[in-house]
$ cat upload.txt   # compact mmCIF, C-alpha atoms
# COMPACT_ATOMS: atom_id res chain seq x y z
CA MET O 1 12.17 -18.45 -13.22
CA ALA O 2 13.91 -15.17 -13.78
CA SER O 3 16.41 -14.43 -11.09
CA THR O 4 16.12 -10.67 -11.17
CA SER O 5 12.56 -10.48 -12.32
CA ILE O 6 10.21 -8.42 -10.23
CA ALA O 7 11.16 -5.30 -8.41
CA VAL O 8 9.96 -6.56 -5.05
CA PRO O 9 9.77 -3.60 -2.68
CA GLN O 10 12.96 -3.58 -0.74
CA ALA O 11 13.98 -1.42 2.09
CA PRO O 12 17.31 0.15 1.41
CA SER O 13 20.11 -0.13 3.94
CA PHE O 14 19.99 3.14 5.80
CA TRP O 15 22.68 2.82 8.37
CA PRO O 16 25.96 3.38 6.52
CA ALA O 17 26.21 7.04 5.45
CA LEU O 18 27.50 6.08 2.01
CA LYS O 19 24.42 4.00 1.33
CA PHE O 20 22.38 7.13 1.91
CA LEU O 21 24.02 8.80 -1.09
CA GLN O 22 23.01 5.85 -3.27
CA LEU O 23 19.38 6.68 -2.58
CA ILE O 24 19.54 10.20 -3.98
CA PRO O 25 19.32 9.48 -7.77
CA GLY O 26 16.29 7.20 -7.36
CA VAL O 27 14.51 9.59 -4.99
CA LEU O 28 15.12 12.42 -7.47
CA LEU O 29 13.67 10.19 -10.21
CA LEU O 30 10.57 9.53 -8.08
CA GLY O 31 10.23 13.27 -7.49
CA ALA O 32 10.74 14.11 -11.17
CA ILE O 33 8.14 11.60 -12.37
CA GLY O 34 5.64 12.53 -9.65
CA TYR O 35 6.09 16.24 -10.33
CA LEU O 36 5.76 15.68 -14.07
CA GLY O 37 2.42 13.98 -13.35
CA LYS O 38 1.31 16.99 -11.30
CA PHE O 39 2.54 19.38 -14.01
CA ILE O 40 0.62 17.51 -16.74
CA GLU O 41 -2.58 17.55 -14.67
CA GLN O 42 -2.31 21.28 -13.98
CA SER O 43 -1.30 22.13 -17.57
CA LEU O 44 -4.20 20.19 -19.07
CA ASN O 45 -6.66 21.83 -16.69
CA ALA O 46 -5.24 25.30 -17.44
CA TYR O 47 -5.43 24.63 -21.20
CA ALA O 48 -9.03 23.42 -20.91
CA ARG O 49 -10.00 26.52 -18.87
CA ALA O 50 -8.28 28.91 -21.30
CA HIS O 51 -9.98 27.34 -24.30
CA HIS O 52 -13.34 26.75 -22.60
CA LEU O 53 -13.05 23.01 -23.13
CA THR O 54 -14.64 20.33 -20.97
CA ILE O 55 -12.19 17.50 -20.46
CA PRO O 56 -12.18 14.87 -17.71
CA ASN O 57 -9.77 15.72 -14.92
CA ILE O 58 -7.03 13.08 -14.94
CA GLU O 59 -5.39 13.19 -11.53
CA TYR O 60 -1.61 13.45 -11.12
CA VAL O 61 -1.83 10.04 -9.44
CA LEU O 62 -2.65 8.36 -12.73
CA TRP O 63 -0.06 10.35 -14.69
CA ALA O 64 2.67 9.49 -12.18
CA ILE O 65 1.81 5.79 -12.28
CA VAL O 66 1.54 5.69 -16.07
CA ILE O 67 4.83 7.57 -16.62
CA GLY O 68 6.52 5.23 -14.14
CA LEU O 69 5.06 2.20 -15.95
CA VAL O 70 6.23 3.50 -19.34
CA VAL O 71 9.77 4.09 -18.05
CA SER O 72 9.92 0.72 -16.29
CA ASN O 73 8.60 -1.21 -19.29
CA THR O 74 10.55 0.53 -22.05
CA VAL O 75 14.01 1.76 -21.04
CA GLY O 76 13.85 0.05 -17.63
CA VAL O 77 15.13 1.46 -14.35
CA PRO O 78 18.95 1.75 -14.50
CA ARG O 79 20.82 0.30 -11.55
CA VAL O 80 21.90 3.70 -10.23
CA PHE O 81 18.25 4.60 -9.57
CA GLN O 82 17.06 1.29 -8.10
CA ALA O 83 17.97 1.83 -4.44
CA GLY O 84 16.24 5.21 -4.38
CA VAL O 85 13.17 3.95 -6.23
CA ALA O 86 12.80 1.22 -3.58
CA THR O 87 12.24 3.97 -0.97
CA TYR O 88 8.69 4.43 -2.29
CA GLU O 89 7.43 2.37 0.64
CA PHE O 90 9.19 4.73 3.07
CA TRP O 91 7.37 7.70 1.51
CA LEU O 92 4.08 5.79 1.66
CA LYS O 93 4.42 5.18 5.39
CA ALA O 94 5.57 8.74 6.11
CA GLY O 95 2.60 9.98 4.03
CA ILE O 96 0.18 7.90 6.10
CA VAL O 97 1.66 9.31 9.33
CA PHE O 98 1.19 12.89 8.00
CA LEU O 99 -2.36 12.02 6.96
CA GLY O 100 -3.19 11.49 10.64
CA VAL O 101 -3.65 15.28 11.07
CA ARG O 102 -6.63 15.18 8.72
CA PHE O 103 -8.56 12.85 11.03
CA LEU O 104 -10.04 13.73 14.37
CA LEU O 105 -9.61 10.84 16.78
CA GLY O 106 -13.40 10.41 16.98
CA ASP O 107 -13.56 9.90 13.20
CA VAL O 108 -10.70 7.42 13.39
CA LEU O 109 -12.50 5.43 16.09
CA LYS O 110 -15.85 5.57 14.27
CA LEU O 111 -14.54 4.78 10.79
CA GLY O 112 -11.87 2.48 12.18
CA GLY O 113 -14.52 0.56 14.16
CA LEU O 114 -16.66 0.19 11.02
CA SER O 115 -13.55 -0.78 9.04
CA LEU O 116 -12.59 -3.33 11.70
CA ALA O 117 -15.99 -5.02 11.47
CA LEU O 118 -15.81 -5.07 7.68
CA VAL O 119 -12.18 -6.24 7.75
CA GLY O 120 -13.31 -9.18 9.90
CA ILE O 121 -15.76 -10.25 7.18
CA GLU O 122 -13.21 -9.56 4.42
CA LEU O 123 -10.53 -11.60 6.19
CA THR O 124 -12.81 -14.59 6.56
CA VAL O 125 -13.99 -14.44 2.95
CA ALA O 126 -10.48 -13.90 1.54
CA ILE O 127 -8.91 -16.77 3.48
CA LEU O 128 -11.74 -19.18 2.66
CA VAL O 129 -11.84 -18.28 -1.04
CA MET O 130 -8.06 -18.46 -1.51
CA THR O 131 -7.74 -21.73 0.41
CA LEU O 132 -10.52 -23.31 -1.68
CA LEU O 133 -9.09 -22.06 -4.98
CA GLY O 134 -5.58 -23.16 -4.01
CA ARG O 135 -6.91 -26.70 -3.52
CA VAL O 136 -8.90 -26.67 -6.77
CA PHE O 137 -5.86 -25.50 -8.77
CA LYS O 138 -3.53 -27.84 -6.85
CA LEU O 139 -1.14 -25.13 -5.66
CA SER O 140 1.31 -26.07 -2.92
CA PRO O 141 -0.30 -25.58 0.53
CA LYS O 142 2.28 -22.98 1.58
CA LEU O 143 1.84 -21.01 -1.66
CA THR O 144 -1.90 -21.08 -0.97
CA THR O 145 -1.25 -19.77 2.55
CA LEU O 146 0.88 -16.93 1.13
CA LEU O 147 -1.79 -15.99 -1.41
CA ALA O 148 -4.47 -16.12 1.31
CA VAL O 149 -2.46 -13.81 3.58
CA GLY O 150 -1.51 -11.51 0.69
CA SER O 151 -5.11 -11.07 -0.38
CA SER O 152 -6.62 -10.86 3.09
CA ILE O 153 -4.19 -8.50 4.83
CA CYS O 154 -1.69 -6.31 3.09
CA GLY O 155 -0.11 -7.74 0.04
CA VAL O 156 3.65 -7.91 -0.20
CA SER O 157 4.52 -7.01 3.41
CA ALA O 158 2.18 -9.72 4.72
CA ILE O 159 3.60 -12.30 2.31
CA ILE O 160 7.16 -11.48 3.38
CA ALA O 161 6.20 -11.64 7.06
CA THR O 162 4.37 -14.95 6.61
CA LYS O 163 7.13 -16.46 4.48
CA GLY O 164 9.54 -16.18 7.39
CA ALA O 165 7.02 -17.39 9.95
CA ILE O 166 5.89 -20.52 8.09
CA GLU O 167 9.28 -21.21 6.47
CA ALA O 168 7.92 -21.16 2.92
CA ASP O 169 10.15 -21.39 -0.17
CA ASP O 170 11.50 -18.23 -1.78
CA GLU O 171 9.92 -19.38 -5.03
CA ASP O 172 6.45 -19.63 -3.45
CA ALA O 173 6.90 -16.16 -1.98
CA SER O 174 7.99 -14.83 -5.37
CA LEU O 175 4.96 -16.35 -7.11
CA ALA O 176 2.55 -15.00 -4.50
CA ILE O 177 4.16 -11.53 -4.66
CA ALA O 178 4.01 -11.54 -8.47
CA ALA O 179 0.31 -12.43 -8.44
CA ILE O 180 -0.54 -9.82 -5.80
CA LEU O 181 1.46 -7.07 -7.57
CA ALA O 182 -0.10 -7.81 -10.96
CA LEU O 183 -3.61 -7.80 -9.50
CA GLY O 184 -2.88 -4.61 -7.55
CA GLY O 185 -1.96 -2.94 -10.85
CA LEU O 186 -5.20 -4.07 -12.47
CA SER O 187 -7.23 -2.78 -9.53
CA LEU O 188 -5.96 0.75 -10.29
CA VAL O 189 -7.72 0.52 -13.65
CA PHE O 190 -10.94 -1.21 -12.66
CA PHE O 191 -11.77 0.08 -9.18
CA PRO O 192 -12.23 3.77 -10.12
CA LEU O 193 -14.20 2.80 -13.25
CA ILE O 194 -16.55 0.56 -11.26
CA GLY O 195 -16.80 3.09 -8.43
CA HIS O 196 -17.89 5.86 -10.82
CA ALA O 197 -20.21 3.54 -12.78
CA LEU O 198 -22.02 2.57 -9.57
CA HIS O 199 -22.03 6.19 -8.30
CA LEU O 200 -20.49 5.11 -5.01
CA SER O 201 -20.10 7.73 -2.29
CA ASP O 202 -16.57 8.73 -1.26
CA ARG O 203 -17.01 6.77 1.96
CA ALA O 204 -18.29 3.59 0.28
CA TYR O 205 -15.62 3.70 -2.42
CA GLY O 206 -12.83 4.48 0.05
CA LEU O 207 -13.88 1.60 2.30
CA TRP O 208 -14.09 -0.72 -0.72
CA ALA O 209 -10.62 0.22 -2.01
CA GLY O 210 -9.16 -0.08 1.50
CA LEU O 211 -10.74 -3.51 2.02
CA ALA O 212 -10.26 -5.11 -1.37
CA VAL O 213 -7.00 -3.72 -2.82
CA ASP O 214 -4.08 -5.64 -1.36
CA ASN O 215 -1.01 -3.43 -1.31
CA THR O 216 -1.17 -0.25 0.74
CA ALA O 217 0.38 1.81 -2.07
CA GLU O 218 -2.17 0.58 -4.62
CA ALA O 219 -5.07 0.96 -2.15
CA THR O 220 -4.02 4.59 -1.54
CA ALA O 221 -3.64 5.22 -5.28
CA ALA O 222 -6.98 3.54 -6.08
CA GLY O 223 -8.63 5.81 -3.50
CA ALA O 224 -6.87 8.94 -4.81
CA LEU O 225 -7.93 8.12 -8.37
CA PHE O 226 -11.55 8.42 -7.20
CA SER O 227 -11.31 11.48 -4.94
CA ASP O 228 -9.22 13.04 -2.19
CA ALA O 229 -11.87 12.16 0.41
CA ALA O 230 -12.02 8.56 -0.82
CA ALA O 231 -8.21 8.31 -0.55
CA LYS O 232 -8.38 9.37 3.12
CA ILE O 233 -10.94 6.66 3.91
CA ALA O 234 -9.12 4.04 1.81
CA VAL O 235 -5.93 4.68 3.81
CA LEU O 236 -7.80 4.37 7.11
CA ALA O 237 -9.51 1.11 6.10
CA LYS O 238 -6.25 -0.30 4.72
CA THR O 239 -4.36 0.74 7.85
CA THR O 240 -6.94 -1.13 9.94
CA ARG O 241 -6.25 -4.21 7.82
CA ASN O 242 -2.50 -3.73 8.18
CA ALA O 243 -2.82 -3.51 11.96
CA LEU O 244 -4.13 -7.09 11.99
CA ILE O 245 -1.14 -8.51 10.13
CA GLY O 246 0.44 -9.98 13.27
CA PHE O 247 -2.66 -11.94 14.28
CA VAL O 248 -3.14 -13.58 10.88
CA VAL O 249 0.56 -14.38 10.44
CA LEU O 250 0.66 -15.78 13.99
CA ALA O 251 -2.40 -17.96 13.32
CA TYR O 252 -0.79 -19.42 10.20
CA ALA O 253 2.55 -19.86 11.98
CA ILE O 254 0.81 -21.85 14.75
CA TYR O 255 -1.05 -23.92 12.13
CA TRP O 256 2.13 -24.85 10.23
CA ALA O 257 4.04 -25.47 13.47
CA SER O 258 1.28 -27.88 14.55
CA LYS O 259 1.95 -29.82 11.33
CA GLY O 260 5.67 -29.88 12.14
CA GLN O 261 6.50 -27.77 9.08
CA ALA O 262 7.53 -24.56 10.85
CA SER O 263 9.20 -23.59 14.11
CA THR O 264 7.06 -23.05 17.19
CA ILE O 265 6.72 -19.43 18.28
CA GLU O 266 7.65 -19.15 21.96
CA ASN O 267 6.79 -15.53 22.77
CA LYS O 268 3.53 -14.68 21.00
CA ALA O 269 3.20 -11.15 22.41
CA SER O 270 6.69 -10.28 21.18
CA PHE O 271 5.87 -11.80 17.78
CA LEU O 272 2.71 -9.67 17.52
CA TRP O 273 4.61 -6.49 18.41
CA GLN O 274 7.39 -7.33 15.96
CA LYS O 275 4.88 -7.71 13.11
CA PHE O 276 2.73 -4.73 14.09
CA PRO O 277 3.10 -1.92 11.53
CA LYS O 278 4.56 0.88 13.66
CA PHE O 279 3.54 3.67 11.30
CA VAL O 280 -0.04 3.12 12.55
CA LEU O 281 1.13 4.53 15.91
CA GLY O 282 2.51 7.63 14.19
CA PHE O 283 -0.79 8.07 12.35
CA LEU O 284 -2.77 7.77 15.60
CA LEU O 285 -0.41 10.18 17.43
CA LEU O 286 -0.91 12.92 14.83
CA SER O 287 -4.66 12.32 14.85
CA LEU O 288 -4.64 12.65 18.65
CA LEU O 289 -2.60 15.88 18.49
CA ALA O 290 -4.90 17.34 15.81
CA THR O 291 -7.95 16.44 17.93
CA PHE O 292 -6.56 18.42 20.87
CA HIS O 293 -5.75 21.46 18.65
CA PHE O 294 -2.00 21.07 18.93
CA PHE O 295 -1.75 22.52 15.40
CA ASP O 296 -3.36 25.64 13.95
CA LYS O 297 -5.22 25.60 10.66
CA GLY O 298 -2.20 26.67 8.60
CA GLN O 299 0.00 24.00 10.18
CA ILE O 300 -2.60 21.31 9.47
CA GLY O 301 -2.67 22.48 5.85
CA SER O 302 1.13 22.27 5.65
CA ILE O 303 1.26 18.77 7.17
CA ALA O 304 -1.54 17.60 4.84
CA ASN O 305 0.54 18.91 1.93
CA LEU O 306 3.58 17.00 3.22
CA SER O 307 1.37 13.92 2.99
CA ARG O 308 0.51 14.75 -0.64
CA TRP O 309 4.20 15.16 -1.56
CA ALA O 310 5.06 11.86 0.11
CA PHE O 311 2.24 10.11 -1.78
CA LEU O 312 3.40 11.74 -5.02
CA LEU O 313 6.76 9.95 -4.64
CA THR O 314 4.93 6.73 -3.72
CA PHE O 315 2.73 6.74 -6.82
CA ALA O 316 5.74 7.26 -9.09
CA GLY O 317 7.33 4.25 -7.36
CA VAL O 318 4.22 2.10 -7.92
CA GLY O 319 4.61 2.59 -11.69
CA LEU O 320 8.40 2.22 -11.71
CA ARG O 321 8.49 -1.06 -9.82
CA THR O 322 5.93 -2.79 -12.09
CA ASN O 323 7.46 -4.71 -14.97
CA ILE O 324 4.58 -6.21 -16.92
CA ARG O 325 6.72 -8.58 -19.01
CA GLU O 326 8.45 -10.04 -15.97
CA LEU O 327 5.16 -10.45 -14.11
CA GLY O 328 3.92 -12.53 -17.05
CA LYS O 329 6.84 -14.94 -16.68
CA GLN O 330 5.78 -16.04 -13.21
CA GLY O 331 3.37 -18.75 -14.35
CA TRP O 332 -0.37 -18.65 -14.87
CA ARG O 333 -1.74 -20.77 -12.02
CA PRO O 334 -0.96 -18.49 -9.03
CA PHE O 335 -2.13 -15.57 -11.14
CA VAL O 336 -5.44 -17.28 -12.01
CA VAL O 337 -6.02 -18.29 -8.39
CA GLY O 338 -5.17 -14.75 -7.31
CA ALA O 339 -7.37 -13.17 -9.99
CA VAL O 340 -10.41 -15.37 -9.37
CA GLY O 341 -10.01 -14.96 -5.63
CA GLU O 342 -9.56 -11.19 -5.86
CA ILE O 343 -12.65 -10.82 -8.05
CA GLY O 344 -14.65 -12.82 -5.51
CA ILE O 345 -13.27 -10.72 -2.63
CA ALA O 346 -13.92 -7.47 -4.55
CA VAL O 347 -17.55 -8.46 -5.22
CA VAL O 348 -18.23 -9.51 -1.61
CA THR O 349 -16.53 -6.42 -0.13
CA LEU O 350 -18.39 -4.17 -2.59
CA ALA O 351 -21.68 -5.67 -1.43
CA ILE O 352 -20.86 -5.22 2.25
CA VAL O 353 -19.64 -1.62 1.91
CA VAL O 354 -22.72 -0.65 -0.09
CA VAL O 355 -24.93 -2.14 2.64
CA ALA O 356 -22.80 -0.59 5.41
CA ASP O 357 -22.79 2.83 3.70
CA ARG O 358 -26.57 2.78 3.45
CA PHE O 359 -27.41 1.59 6.95
CA ILE O 360 -24.55 2.67 9.22
CA MET A 1 14.58 -13.10 -6.59
CA ALA A 2 15.50 -15.07 -3.50
CA GLU A 3 17.95 -12.32 -2.60
CA GLU A 4 15.27 -9.69 -3.14
CA VAL A 5 12.84 -11.53 -0.90
CA LYS A 6 15.51 -11.78 1.80
CA LYS A 7 16.24 -8.06 1.52
CA SER A 8 12.53 -7.33 1.83
CA ARG A 9 12.59 -8.67 5.37
CA PHE A 10 14.00 -5.30 6.36
CA THR A 11 10.70 -3.72 5.33
CA PHE A 12 9.54 -3.60 8.91
CA SER A 13 12.46 -1.46 10.09
CA LEU A 14 11.29 1.11 7.53
CA ASP A 15 8.28 1.82 9.72
CA ALA A 16 10.38 3.32 12.47
CA TRP A 17 12.39 5.44 10.03
CA ALA A 18 9.22 6.67 8.35
CA VAL A 19 7.59 7.56 11.69
CA TRP A 20 10.64 9.41 13.02
CA ALA A 21 11.21 11.28 9.75
CA ALA A 22 7.54 12.27 9.57
CA LEU A 23 7.39 13.37 13.22
CA SER A 24 10.59 15.40 12.82
CA LEU A 25 9.10 17.29 9.89
CA VAL A 26 5.85 17.80 11.81
CA LEU A 27 7.86 19.25 14.69
CA LEU A 28 9.58 21.69 12.30
CA VAL A 29 6.14 22.81 11.09
CA ARG A 30 4.82 23.11 14.66
CA LEU A 31 7.84 25.14 15.79
CA GLY A 32 7.43 27.48 12.84
CA VAL A 33 10.79 26.57 11.28
CA VAL A 34 8.81 25.46 8.21
CA THR A 35 6.09 28.06 7.84
CA LYS A 36 4.23 26.86 4.78
CA VAL A 37 4.32 23.74 2.62
CA PRO A 38 2.78 24.55 -0.75
CA TRP A 39 1.03 22.03 -3.00
$ encode --input "upload.txt" --output "structure tokens"
Amino acid sequence: MASTSIAVPQAPSFWPALKFLQLIPGVLLLGAIGYLGKFIEQSLNAYARAHHLTIPNIEYVLWAIVIGLVVSNTVGVPRVFQAGVATYEFWLKAGIVFLGVRFLLGDVLKLGGLSLALVGIELTVAILVMTLLGRVFKLSPKLTTLLAVGSSICGVSAIIATKGAIEADDEDASLAIAAILALGGLSLVFFPLIGHALHLSDRAYGLWAGLAVDNTAEATAAGALFSDAAAKIAVLAKTTRNALIGFVVLAYAIYWASKGQASTIENKASFLWQKFPKFVLGFLLLSLLATFHFFDKGQIGSIANLSRWAFLLTFAGVGLRTNIRELGKQGWRPFVVGAVGEIGIAVVTLAIVVVADRFI
Amino acid sequence: MAEEVKKSRFTFSLDAWAVWAALSLVLLVRLGVVTKVPW
């Protein structure tokens, strides 16, 4: 197995001031690629308007991801940029916090309640399907657990959190992360195509992307590739899933501890708080403030635009951290289990969101 | 890869940084220090 294979999202070390300077080249690269994507989208649209042409609008999201992928898979990401590129997850979380101003608290509770019910079904299906497939393909039980958590909750973050809690091998974590990242990349291609082919509403598509796409960055991008409204709903549904990370990780930690293969967790409330994604609180706070008219219309517009800029950096990072060749080196079995499981989860979640969209 | 996975454990501390950074910028917008963010 390659020792420096996949660009697993890493949080940079923020505390020493010097480390901060190391982030600048990579952040500038994220900005340059994201802005290039935006520039290409606007230029193509302007050209089409000037020449009275009808061309499909290709969103900056796709351009940013594709340019990032091309860079990552041709010249590669030089070391000087790597620390800054890894901040894409920081921008994602900040972007989600900003997005809170575009939701009134009532909408959050209504859509979040619907999402929570659907997430409950999705969680059950994902864990059952992955556990079954893991047994059929004779994967190690802990690798199966990591794939189940990665596909049911929130991809890489959940795998990392579970790895520590159940004391899984680094290699199992790497395999599970590789499978989830590769499948997340594929979902960016297939989800919008299927969504448009089935003429899904923004709400149905957003819920589907939020429920079935594993990584938060890819779920946001998959939503944005469909429409701005779908991206909003995808983020909300995905955030609901993320909020449950602690419960699922805790359940697995208790299970493996009962088998004597992981340490017992003494303080469960503290464990849940530690694993709870804190950016959800920031999102809810801004939604609460917007609901009580703390911001005027212009300020809401500005904060919503801050969210778009943060996501622009995120989408560039999604492309830059994906190295297709290295993903292919990770072995076929976890990938097949992941792929078959994800297809099953995508089909089931599609069915439930279509039903929910029609009747709720 | 093992090293990368270990480093990724710090992912959760990113949440707090992201929230504080976002709220600080929101405050600047609310106070009128940042008047307009274009897109």
$ residues_around --input "upload.txt" --residues "O:Ser287" --least-positions-apart "6" --cutoff "6 Å" --atoms "all atoms listed in the file" --output "PyMOL selection string"
chain O and resi 100-101+103-105
$ residues_around --input "upload.txt" --residues "A:Gly32" --least-positions-apart "6" --cutoff "12 Å" --atoms "only C-alpha atoms" --output "PyMOL selection string"
(chain O and resi 295-296+298-299+302) or (chain A and resi 25-26)
$ closest_residue --input "upload.txt" --among "O:Glu89, O:Asp169, O:Glu266, O:Glu122" --to "O:Val27" --atoms "all atoms listed in the file"
O:Glu89
$ atom_distance --input "upload.txt" --atom1 "atom CA of O:Thr240" --atom2 "atom CA of O:Leu133"
25.8 Å
$ residues_around --input "upload.txt" --residues "O:Leu200" --least-positions-apart "5" --cutoff "8 Å" --atoms "only C-alpha atoms" --output "ChimeraX atom specification"
/O:195,205,354
$ atom_distance --input "upload.txt" --atom1 "atom CA of O:Ala179" --atom2 "atom CA of O:Ala158"
13.6 Å
$ atom_distance --input "upload.txt" --atom1 "atom CA of O:Gly34" --atom2 "atom CA of O:Val85"
11.9 Å
$ residues_around --input "upload.txt" --residues "O:Leu281" --least-positions-apart "4" --cutoff "9 Å" --atoms "only C-alpha atoms" --output "MDAnalysis selection string"
(chainID O and resid 97 277 285:286) or (chainID A and resid 19)
$ residues_around --input "upload.txt" --residues "A:Asp15" --least-positions-apart "3" --cutoff "12 Å" --atoms "all atoms listed in the file" --output "VMD selection string"
(chain O and resid 11 87 89 to 97 157 274 to 283) or (chain A and resid 10 to 12 18 to 22)
$ closest_residue --input "upload.txt" --among "O:Gly338, O:Gly120, O:Gly301, O:Gly150" --to "A:Trp39" --atoms "all atoms listed in the file"
O:Gly301
